[in-house]
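**Q** The following file, structure-v8.txt, comprises compact mmCIF, C-alpha atoms:
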# COMPACT_ATOMS: atom_id res chain seq x y z
CA MET H 1 214.99 199.56 8.74
CA ALA H 2 215.60 197.74 5.43
CA ARG H 3 215.49 199.64 2.18
CA ARG H 4 212.63 198.71 -0.10
CA ASN H 5 212.94 196.42 -3.10
CA GLU H 6 216.14 194.96 -1.75
CA HIS H 7 214.59 191.58 -1.04
CA SER H 8 213.06 188.70 -2.95
CA ARG H 9 209.50 187.55 -2.37
CA GLU H 10 210.71 184.63 -0.25
CA GLU H 11 212.96 186.90 1.79
CA ILE H 12 210.10 189.32 2.49
CA LYS H 13 207.93 186.40 3.54
CA ALA H 14 210.55 185.12 5.97
CA MET H 15 211.21 188.63 7.33
CA ALA H 16 207.48 189.17 7.89
CA ILE H 17 207.11 185.87 9.80
CA THR H 18 210.12 186.67 11.97
CA ALA H 19 208.93 190.24 12.65
CA ALA H 20 205.37 189.13 13.39
CA THR H 21 206.61 186.46 15.79
CA ALA H 22 208.74 189.05 17.59
CA LEU H 23 205.77 191.45 17.81
CA LEU H 24 203.58 188.68 19.19
CA SER H 25 206.14 187.69 21.84
CA ALA H 26 206.81 191.28 22.86
CA ALA H 27 203.37 192.88 22.72
CA GLY H 28 200.76 190.11 22.54
CA VAL H 29 198.22 189.10 19.94
CA GLN H 30 196.57 192.55 19.77
CA SER H 31 199.79 193.90 18.21
CA LEU H 32 199.45 191.59 15.21
CA SER H 33 198.26 193.74 12.31
CA THR H 34 199.48 193.89 8.73
CA ARG H 35 200.27 197.59 9.40
CA ASN H 36 202.56 196.80 12.34
CA VAL H 37 204.26 193.92 10.56
CA ALA H 38 204.82 195.98 7.39
CA LYS H 39 206.28 198.81 9.48
CA ALA H 40 208.60 196.43 11.30
CA ILE H 41 210.15 195.17 8.07
CA GLY H 42 210.20 198.54 6.28
CA TYR H 43 207.74 197.62 3.56
CA THR H 44 204.19 198.75 2.78
CA VAL H 45 201.05 196.84 3.66
CA GLY H 46 200.58 196.43 -0.11
CA THR H 47 203.84 194.48 -0.35
CA LEU H 48 202.75 192.24 2.49
CA TYR H 49 199.59 191.40 0.55
CA LEU H 50 201.75 190.37 -2.40
CA VAL H 51 203.35 187.60 -0.32
CA PHE H 52 200.42 186.62 1.95
CA GLU H 53 196.83 186.31 0.86
CA ASN H 54 195.62 187.86 4.13
CA LEU H 55 196.40 188.16 7.84
CA ASP H 56 195.10 184.60 8.39
CA GLU H 57 197.75 183.20 6.07
CA LEU H 58 200.46 185.15 7.88
CA ILE H 59 199.16 183.80 11.22
CA LEU H 60 199.22 180.22 9.87
CA HIS H 61 202.89 180.75 9.03
CA ILE H 62 203.62 182.16 12.50
CA ASN H 63 201.87 179.14 14.01
CA ALA H 64 203.79 176.74 11.77
CA ALA H 65 207.03 178.34 12.96
CA THR H 66 205.86 177.91 16.57
CA LEU H 67 205.08 174.24 15.92
CA ALA H 68 208.51 173.73 14.34
CA GLU H 69 210.25 175.25 17.37
CA LEU H 70 208.05 173.24 19.76
CA GLU H 71 208.96 170.06 17.90
CA GLN H 72 212.69 170.85 18.10
CA ARG H 73 212.41 171.47 21.84
CA LEU H 74 210.46 168.26 22.48
CA VAL H 75 212.89 166.19 20.43
CA ALA H 76 215.77 167.67 22.45
CA ASP H 77 213.91 167.07 25.74
CA CYS H 78 213.67 163.35 25.17
CA ALA H 79 216.92 162.82 23.28
CA GLY H 80 218.67 159.68 24.51
CA VAL H 81 215.63 158.45 26.46
CA ARG H 82 214.92 154.87 25.43
CA GLN H 83 211.97 153.90 27.64
CA PRO H 84 208.76 154.83 25.75
CA GLN H 85 206.78 155.82 28.89
CA GLU H 86 209.57 158.12 30.04
CA LYS H 87 209.82 159.58 26.55
CA ILE H 88 206.12 160.51 26.61
CA ARG H 89 206.38 161.92 30.14
CA ARG H 90 209.29 164.13 29.06
CA ILE H 91 207.35 165.31 26.01
CA ALA H 92 204.37 166.24 28.20
CA ARG H 93 206.54 168.23 30.62
CA GLY H 94 208.40 169.85 27.75
CA TYR H 95 205.07 170.88 26.25
CA LEU H 96 204.11 172.63 29.51
CA GLN H 97 207.51 174.31 29.69
CA PHE H 98 207.20 175.55 26.12
CA ALA H 99 203.71 176.91 26.80
CA GLN H 100 204.96 178.75 29.89
CA ASP H 101 208.01 180.16 28.08
CA ASN H 102 206.11 181.24 24.97
CA HIS H 103 202.65 182.14 26.24
CA SER H 104 201.50 184.43 23.40
CA ARG H 105 202.75 182.21 20.61
CA TRP H 106 201.34 179.06 22.18
CA ALA H 107 197.98 180.75 22.87
CA LEU H 108 197.74 181.94 19.25
CA LEU H 109 198.10 178.34 18.04
CA PHE H 110 194.76 177.57 19.70
CA SER H 111 192.89 180.88 19.58
CA HIS H 112 193.33 181.42 15.85
CA GLN H 113 190.29 180.39 13.86
CA LEU H 114 190.17 180.38 10.07
CA PRO H 115 187.04 181.95 8.58
CA GLN H 116 184.03 179.61 8.50
CA GLY H 117 184.24 177.28 5.53
CA THR H 118 188.02 177.66 5.05
CA ALA H 119 189.88 174.37 5.37
CA THR H 120 193.22 174.24 7.20
CA PRO H 121 195.87 174.00 4.43
CA VAL H 122 197.52 170.62 3.89
CA TRP H 123 201.05 171.98 4.53
CA PHE H 124 199.93 173.14 8.00
CA VAL H 125 198.22 169.86 8.85
CA GLU H 126 201.45 168.07 7.88
CA LYS H 127 203.33 170.14 10.48
CA VAL H 128 200.80 169.06 13.12
CA ARG H 129 201.20 165.42 12.03
CA THR H 130 204.94 165.44 12.68
CA LEU H 131 204.20 166.49 16.26
CA PHE H 132 201.70 163.68 16.75
CA GLU H 133 204.36 161.28 15.52
CA LEU H 134 206.54 162.24 18.46
CA ILE H 135 204.08 160.43 20.73
CA GLU H 136 202.76 157.89 18.26
CA VAL H 137 206.22 156.33 17.79
CA PRO H 138 206.73 155.48 21.50
CA LEU H 139 203.07 154.38 21.79
CA ARG H 140 203.65 151.90 18.95
CA LEU H 141 206.76 150.64 20.73
CA LEU H 142 204.67 150.01 23.84
CA LYS H 143 201.90 148.29 21.96
CA PRO H 144 202.73 147.32 18.36
CA ASN H 145 200.20 146.27 15.70
CA GLY H 146 197.26 148.17 17.16
CA ASP H 147 194.39 149.43 15.07
CA PRO H 148 195.37 152.75 13.34
CA GLN H 149 192.20 154.38 14.68
CA MET H 150 193.24 153.42 18.21
CA TYR H 151 196.54 155.29 17.86
CA ARG H 152 194.69 158.32 16.47
CA ALA H 153 192.37 158.40 19.49
CA THR H 154 195.23 157.71 21.91
CA THR H 155 197.51 160.48 20.63
CA ARG H 156 194.59 162.95 20.73
CA ALA H 157 193.58 161.89 24.24
CA LEU H 158 197.11 162.49 25.53
CA TRP H 159 197.54 165.76 23.64
CA GLY H 160 194.07 167.08 24.52
CA GLY H 161 194.59 166.11 28.15
CA VAL H 162 197.98 167.79 28.50
CA GLN H 163 196.77 170.80 26.50
CA GLY H 164 193.75 171.21 28.81
CA ILE H 165 195.85 171.07 31.98
CA CYS H 166 198.31 173.60 30.52
CA THR H 167 195.49 175.98 29.51
CA LEU H 168 193.84 175.83 32.94
CA ALA H 169 197.19 176.31 34.67
CA MET H 170 198.11 179.34 32.53
CA SER H 171 194.80 181.07 33.30
CA ASP H 172 195.19 180.21 36.99
CA LYS H 173 192.10 177.96 37.02
CA LEU H 174 193.78 174.63 37.71
CA ARG H 175 194.14 175.81 41.32
CA TRP H 176 190.41 176.58 41.68
CA GLY H 177 189.46 175.04 45.00
CA ALA H 178 192.84 173.49 45.88
CA GLU H 179 196.58 174.02 45.60
CA VAL H 180 198.07 171.66 43.04
CA ALA H 181 201.35 171.66 41.11
CA THR H 182 200.79 171.59 37.35
CA GLU H 183 203.66 169.13 36.83
CA GLU H 184 202.10 166.73 39.33
CA VAL H 185 198.74 166.86 37.52
CA ILE H 186 200.39 166.26 34.14
CA ASP H 187 202.45 163.36 35.51
CA SER H 188 199.31 161.86 37.03
CA LEU H 189 197.49 162.10 33.71
CA VAL H 190 200.28 160.65 31.58
CA SER H 191 201.46 157.91 33.97
CA ASN H 192 198.00 156.57 34.77
CA TYR H 193 196.88 156.81 31.14
CA LEU H 194 199.88 154.84 29.94
CA ILE H 195 199.29 152.05 32.47
CA GLY H 196 195.73 151.71 31.12
CA PHE H 197 196.95 151.93 27.52
CA LEU H 198 199.38 149.05 28.06
CA GLN H 199 196.76 146.81 29.64
CA GLY H 200 193.79 147.67 27.42
CA MET O 1 159.53 195.75 30.38
CA ALA O 2 159.26 195.90 34.19
CA ARG O 3 158.40 199.18 35.86
CA ARG O 4 161.16 200.67 37.95
CA ASN O 5 161.33 200.44 41.72
CA GLU O 6 158.99 197.49 41.70
CA HIS O 7 161.64 195.04 42.80
CA SER O 8 163.85 194.38 45.80
CA ARG O 9 167.63 194.40 45.56
CA GLU O 10 167.72 190.59 45.53
CA GLU O 11 165.06 190.45 42.82
CA ILE O 12 166.97 192.89 40.63
CA LYS O 13 170.11 190.81 41.12
CA ALA O 14 168.34 187.61 40.08
CA MET O 15 166.67 189.34 37.11
CA ALA O 16 170.04 190.69 35.94
CA ILE O 17 171.71 187.27 36.13
CA THR O 18 168.85 185.66 34.20
CA ALA O 19 168.82 188.42 31.56
CA ALA O 20 172.61 188.38 31.19
CA THR O 21 172.60 184.59 30.78
CA ALA O 22 169.92 184.87 28.10
CA LEU O 23 171.90 187.60 26.29
CA LEU O 24 175.04 185.46 26.42
CA SER O 25 173.27 182.39 25.03
CA ALA O 26 171.53 184.36 22.27
CA ALA O 27 174.17 186.82 21.16
CA GLY O 28 177.53 185.68 22.56
CA VAL O 29 179.98 187.18 25.00
CA GLN O 30 180.35 190.46 23.07
CA SER O 31 176.72 191.28 23.96
CA LEU O 32 177.51 191.26 27.70
CA SER O 33 177.59 194.89 28.80
CA THR O 34 176.02 196.54 31.82
CA ARG O 35 174.11 198.73 29.33
CA ASN O 36 172.53 195.75 27.56
CA VAL O 37 171.73 193.95 30.79
CA ALA O 38 170.17 197.08 32.36
CA LYS O 39 168.09 197.62 29.22
CA ALA O 40 166.89 194.01 29.25
CA ILE O 41 165.53 194.30 32.79
CA GLY O 42 164.16 197.85 32.43
CA TYR O 43 166.50 199.47 34.93
CA THR O 44 169.34 201.97 34.59
CA VAL O 45 173.02 201.06 34.57
CA GLY O 46 173.22 202.97 37.87
CA THR O 47 170.77 200.52 39.49
CA LEU O 48 172.87 197.60 38.24
CA TYR O 49 175.89 199.10 39.97
CA LEU O 50 173.92 199.19 43.20
CA VAL O 51 173.59 195.40 43.18
CA PHE O 52 176.89 194.39 41.53
CA GLU O 53 180.25 195.96 42.20
CA ASN O 54 181.19 195.78 38.52
CA LEU O 55 180.75 193.70 35.36
CA ASP O 56 183.22 191.11 36.71
CA GLU O 57 180.98 190.41 39.68
CA LEU O 58 177.96 190.01 37.40
CA ILE O 59 179.99 187.58 35.24
CA LEU O 60 181.01 185.56 38.31
CA HIS O 61 177.31 185.18 39.11
CA ILE O 62 176.51 184.13 35.54
CA ASN O 63 179.33 181.58 35.75
CA ALA O 64 178.10 180.32 39.12
CA ALA O 65 174.64 179.80 37.59
CA THR O 66 176.28 177.89 34.71
CA LEU O 67 178.18 175.69 37.19
CA ALA O 68 174.97 175.01 39.13
CA GLU O 69 173.15 173.94 35.97
CA LEU O 70 176.13 171.83 34.85
CA GLU O 71 176.16 170.10 38.23
CA GLN O 72 172.44 169.34 38.03
CA ARG O 73 172.87 167.87 34.56
CA LEU O 74 175.84 165.70 35.57
CA VAL O 75 174.04 164.43 38.67
CA ALA O 76 171.08 163.48 36.47
CA ASP O 77 173.36 161.85 33.87
CA CYS O 78 174.79 159.40 36.38
CA ALA O 79 171.74 158.92 38.56
CA GLY O 80 171.29 155.25 39.44
CA VAL O 81 174.75 154.27 38.17
CA ARG O 82 176.55 152.34 40.92
CA GLN O 83 179.84 151.37 39.31
CA PRO O 84 182.33 154.20 40.03
CA GLN O 85 184.18 153.92 36.69
CA GLU O 86 180.93 154.10 34.75
CA LYS O 87 179.82 157.06 36.86
CA ILE O 88 182.98 158.98 35.93
CA ARG O 89 182.63 158.03 32.26
CA ARG O 90 179.04 159.33 32.24
CA ILE O 91 180.13 162.56 33.93
CA ALA O 92 182.84 163.08 31.30
CA ARG O 93 180.40 162.53 28.44
CA GLY O 94 177.79 164.73 30.12
CA TYR O 95 180.41 167.46 30.44
CA LEU O 96 181.06 167.35 26.70
CA GLN O 97 177.33 167.38 25.96
CA PHE O 98 176.80 170.40 28.22
CA ALA O 99 179.70 172.25 26.55
CA GLN O 100 178.24 171.55 23.11
CA ASP O 101 174.71 172.57 24.15
CA ASN O 102 175.80 175.76 25.93
CA HIS O 103 178.85 176.90 24.04
CA SER O 104 178.87 180.60 25.02
CA ARG O 105 178.16 180.01 28.70
CA TRP O 106 180.71 177.21 28.96
CA ALA O 107 183.36 179.27 27.11
CA LEU O 108 182.79 182.25 29.45
CA LEU O 109 183.55 180.04 32.46
CA PHE O 110 187.09 179.66 31.15
CA SER O 111 187.72 182.88 29.24
CA HIS O 112 186.73 185.20 32.09
CA GLN O 113 189.73 186.51 34.00
CA LEU O 114 189.43 188.62 37.11
CA PRO O 115 191.68 191.71 37.15
CA GLN O 116 195.27 190.96 38.19
CA GLY O 117 195.56 190.74 41.96
CA THR O 118 191.84 190.03 42.54
CA ALA O 119 191.26 186.69 44.28
CA THR O 120 188.36 184.47 43.19
CA PRO O 121 185.67 184.90 45.90
CA VAL O 122 185.21 182.04 48.35
CA TRP O 123 181.52 181.54 47.46
CA PHE O 124 182.54 180.93 43.83
CA VAL O 125 185.34 178.53 44.73
CA GLU O 126 182.82 176.58 46.84
CA LYS O 127 180.63 176.11 43.75
CA VAL O 128 183.64 174.69 41.91
CA ARG O 129 184.38 172.37 44.83
CA THR O 130 180.95 170.76 44.67
CA LEU O 131 181.67 169.88 41.05
CA PHE O 132 185.00 168.30 41.92
CA GLU O 133 183.20 166.23 44.54
CA LEU O 134 181.14 164.62 41.78
CA ILE O 135 184.28 162.83 40.63
CA GLU O 136 186.13 162.67 43.94
CA VAL O 137 183.38 160.57 45.54
CA PRO O 138 183.57 157.71 42.98
CA LEU O 139 187.39 157.96 42.96
CA ARG O 140 187.40 157.42 46.74
CA LEU O 141 185.11 154.42 46.28
CA LEU O 142 187.59 152.94 43.81
CA LYS O 143 190.58 153.59 46.04
CA PRO O 144 189.74 154.54 49.64
CA ASN O 145 192.17 156.05 52.13
CA GLY O 146 194.44 157.70 49.59
CA ASP O 147 196.48 160.76 50.34
CA PRO O 148 194.28 163.92 50.07
CA GLN O 149 196.84 165.50 47.73
CA MET O 150 196.55 162.48 45.43
CA TYR O 151 192.77 163.00 45.05
CA ARG O 152 193.34 166.70 44.34
CA ALA O 153 195.80 165.89 41.56
CA THR O 154 193.60 163.07 40.22
CA THR O 155 190.40 165.13 40.02
CA ARG O 156 192.31 167.95 38.27
CA ALA O 157 193.99 165.54 35.85
CA LEU O 158 190.61 164.12 34.81
CA TRP O 159 188.91 167.52 34.63
CA GLY O 160 191.81 169.20 32.81
CA GLY O 161 192.02 166.31 30.39
CA VAL O 162 188.32 166.26 29.53
CA GLN O 163 188.23 170.08 29.42
CA GLY O 164 191.16 170.13 26.98
CA ILE O 165 189.57 167.59 24.63
CA CYS O 166 186.25 169.50 24.71
CA THR O 167 187.98 172.82 23.95
CA LEU O 168 189.94 171.39 21.02
CA ALA O 169 186.83 169.68 19.67
CA MET O 170 184.73 172.86 19.87
CA SER O 171 187.32 174.88 17.93
CA ASP O 172 187.63 172.06 15.39
CA LYS O 173 191.27 171.37 16.24
CA LEU O 174 190.90 167.88 17.68
CA ARG O 175 190.56 166.70 14.07
CA TRP O 176 193.83 168.32 12.96
CA GLY O 177 195.58 165.64 10.95
CA ALA O 178 193.02 162.85 11.44
CA GLU O 179 189.32 162.14 11.76
CA VAL O 180 188.44 161.24 15.34
CA ALA O 181 185.19 161.19 17.29
CA THR O 182 185.34 163.39 20.40
CA GLU O 183 183.42 160.81 22.47
CA GLU O 184 185.97 158.13 21.54
CA VAL O 185 188.87 160.35 22.62
CA ILE O 186 187.17 161.19 25.94
CA ASP O 187 186.37 157.52 26.60
CA SER O 188 189.99 156.60 25.82
CA LEU O 189 191.24 159.23 28.28
CA VAL O 190 188.90 158.33 31.12
CA SER O 191 188.97 154.53 30.76
CA ASN O 192 192.75 154.23 30.47
CA TYR O 193 193.33 156.78 33.23
CA LEU O 194 191.07 154.91 35.64
CA ILE O 195 192.84 151.58 34.99
CA GLY O 196 196.12 153.26 35.92
CA PHE O 197 194.55 154.99 38.92
CA LEU O 198 193.30 151.68 40.30
CA GLN O 199 196.67 149.99 39.93
CA GLY O 200 198.96 152.84 40.95
Could you show the structure in this file as structure tokens?
**A**
Amino acid sequence: MARRNEHSREEIKAMAITAATALLSAAGVQSLSTRNVAKAIGYTVGTLYLVFENLDELILHINAATLAELEQRLVADCAGVRQPQEKIRRIARGYLQFAQDNHSRWALLFSHQLPQGTATPVWFVEKVRTLFELIEVPLRLLKPNGDPQMYRATTRALWGGVQGICTLAMSDKLRWGAEVATEEVIDSLVSNYLIGFLQG
Amino acid sequence: MARRNEHSREEIKAMAITAATALLSAAGVQSLSTRNVAKAIGYTVGTLYLVFENLDELILHINAATLAELEQRLVADCAGVRQPQEKIRRIARGYLQFAQDNHSRWALLFSHQLPQGTATPVWFVEKVRTLFELIEVPLRLLKPNGDPQMYRATTRALWGGVQGICTLAMSDKLRWGAEVATEEVIDSLVSNYLIGFLQG
């Protein structure tokens, strides 16, 4: 355990995010309390409140770290792939793999709700935007000069679609009524969608 | 409040499902306890346990009632529509509308998890199957004589996709990074997917 007052504000912040992410991975979302995080880094809850406004802000930082790691993984998954359709297919499969490998962290991205009336901070939205760009870039290669609104709807349709299939698969509901392989369902969604996108 | 011992086992079962559904709609999932349901129908918790094995079984019945109502609504939404693509588009929009109108009941369908190792009962899976048929029938009209496994993957891709977009929209995450209309995203998913399905 670290001795107190040894670290700068920024260091404590980074330590708290790392410790909270480890707690989440090891013991699930119910383990995420300021008390547990403070204990894990050897500081008091009071110190934690000096670097984060509240637990919600800490969770936003955990989620931003998850998004950053997801982005890295997806970029690696489609490195060297030139064909835009194949790039998007790889990203979709990589997304499923990441969700399966990091269930608690991935679930927290979508279960966390800011208090009513609180806007998502701009720095967090920017993180999300860089992920959308991963699919917007190949979509623009497939069909350049489209209406900006069309790309916005298209990226959200693909993301929402893949996200929905992943969520159902992880809660064992995709197999309601029939045996299906999650990868096959995701490939069906992405491949058929992209054919329509190209022709539309 | 009903007087005790006035009702048959089947009547108590039906009363409990109706009361539990009303509780869920009015006060959310946290209001769903055997105590609250028993109180609402004027019977003891003990009586409730005579007609349901446990709270999970009661929830399965609530969810089956939700699926039955959803099916009715979707059938009505596409009544008289002959073109298969348009039928599927109407079903997708009707699904979103139902989710928005019945948030708690729709969310419980997907958040409820049976205890590890418990299989979903056959009678419940059959209810789910009738819903898949709503989209499998028009898909078979569009492309007859396909491989059965292909229809299974296709129906799950469409359902998972629409389900994912609805879930993100309801938790206000579909708009992360850009303003988009949920209906537009769903139409983009379904229309492009069906073009690809027809050609594939």
**Q** Return as CSV the residues of range 71-142 of chain O lying at most 7 Å from range 176-194 of chain H, together with the closest atom-to-atom pair for each and the distance in Å to one decimal, counting only C-alpha atoms, with rows in chain order and ascending residue number.
**A**
residue,atom,partner,partner_atom,distance
O:Val125,CA,H:Gly177,CA,5.4
O:Val128,CA,H:Gly177,CA,6.6
O:Arg129,CA,H:Gly177,CA,5.7
**Q** Just C-alpha atoms for this one: save the residues we selected as a compact mmCIF listing (two decimals), keeping the file's coordinate frame.
**A**
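The resulting file, out20.txt, is shown below:
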# COMPACT_ATOMS: atom_id res chain seq x y z
CA VAL O 125 185.34 178.53 44.73
CA VAL O 128 183.64 174.69 41.91
CA ARG O 129 184.38 172.37 44.83
**Q** Do you have the CA of Ala20 in chain O-CA of Asp172 in chain H distance handy?
**A**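 CA of Ala20 in chain O sits 24.7 Å away from CA of Asp172 in chain H.
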**Q** For a test of reading the model, state the distance in Å between CA of Ser33 in chain O and CA of Leu58 in chain O, rounded to one decimal.
**A** 9.9 Å
**Q** Which distance in Å separates CA of Leu139 in chain H and CA of Ala92 in chain H, to one decimal?
**A**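 Taking CA of Leu139 in chain H as the start and CA of Ala92 in chain H as the end point, the length is 13.5 Å.
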**Q** Pick out the closest residue to Gln85 in chain H from this set: H:Leu114, H:Val137, H:Ala19, H:Ala26. Count all atoms listed in the file.
**A** H:Val137
**Q** Counting all atoms listed in the file, what is within 10 Å of Ala79 in chain H, bar same-chain residues fewer than 6 positions away, as a CSV table (one decimal) with C-alpha atoms, in the coordinates of the input?
**A**
chain,number,residue,atom,x,y,z
H,73,ARG,CA,212.4,171.5,21.8
H,87,LYS,CA,209.8,159.6,26.6
H,90,ARG,CA,209.3,164.1,29.1
**Q** Name the closest residue to chain H among the candidates O:His7, O:Lys127, O:Arg140, O:Arg89; distances are taken between atoms, counting only C-alpha atoms.
**A**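 Closest to chain H of all the choices is O:Lys127.
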**Q** Enclose the full set of atoms of range 140-158 of chain H listed in the file within a box whose edges lie along x, y and z, apply 3 Å of padding to each of the six sides, and report centre and edge lengths in Å to one decimal as lines of an AutoDock Vina configuration file.
**A**
center_x = 199.5
center_y = 154.6
center_z = 19.4
size_x = 20.6
size_y = 22.7
size_z = 18.2
**Q** Which residue out of H:Asn145, H:Leu74, H:Glu86, H:Asp101 has the minimum interatomic distance to Phe132 in chain H when only C-alpha atoms are used?
**A**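 Checking each of H:Asn145, H:Leu74, H:Glu86, H:Asp101 against Phe132 in chain H, counting only C-alpha atoms, the winner is H:Leu74.
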**Q** Closest to chain H among O:Glu136, O:Lys13, O:Gly146, O:Phe124, using only C-alpha atoms?
**A**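 Of the candidates, the smallest distance to chain H is held by O:Phe124.
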**Q** Env of Asn63 in chain H: 10 Å cut, atoms = only C-alpha atoms, seq-sep filter 4 positions within chain, self excluded. Answer as a PyMOL selection string.
**A** chain H and resi 17+21+57-59+67-69+105-110+112+124+127
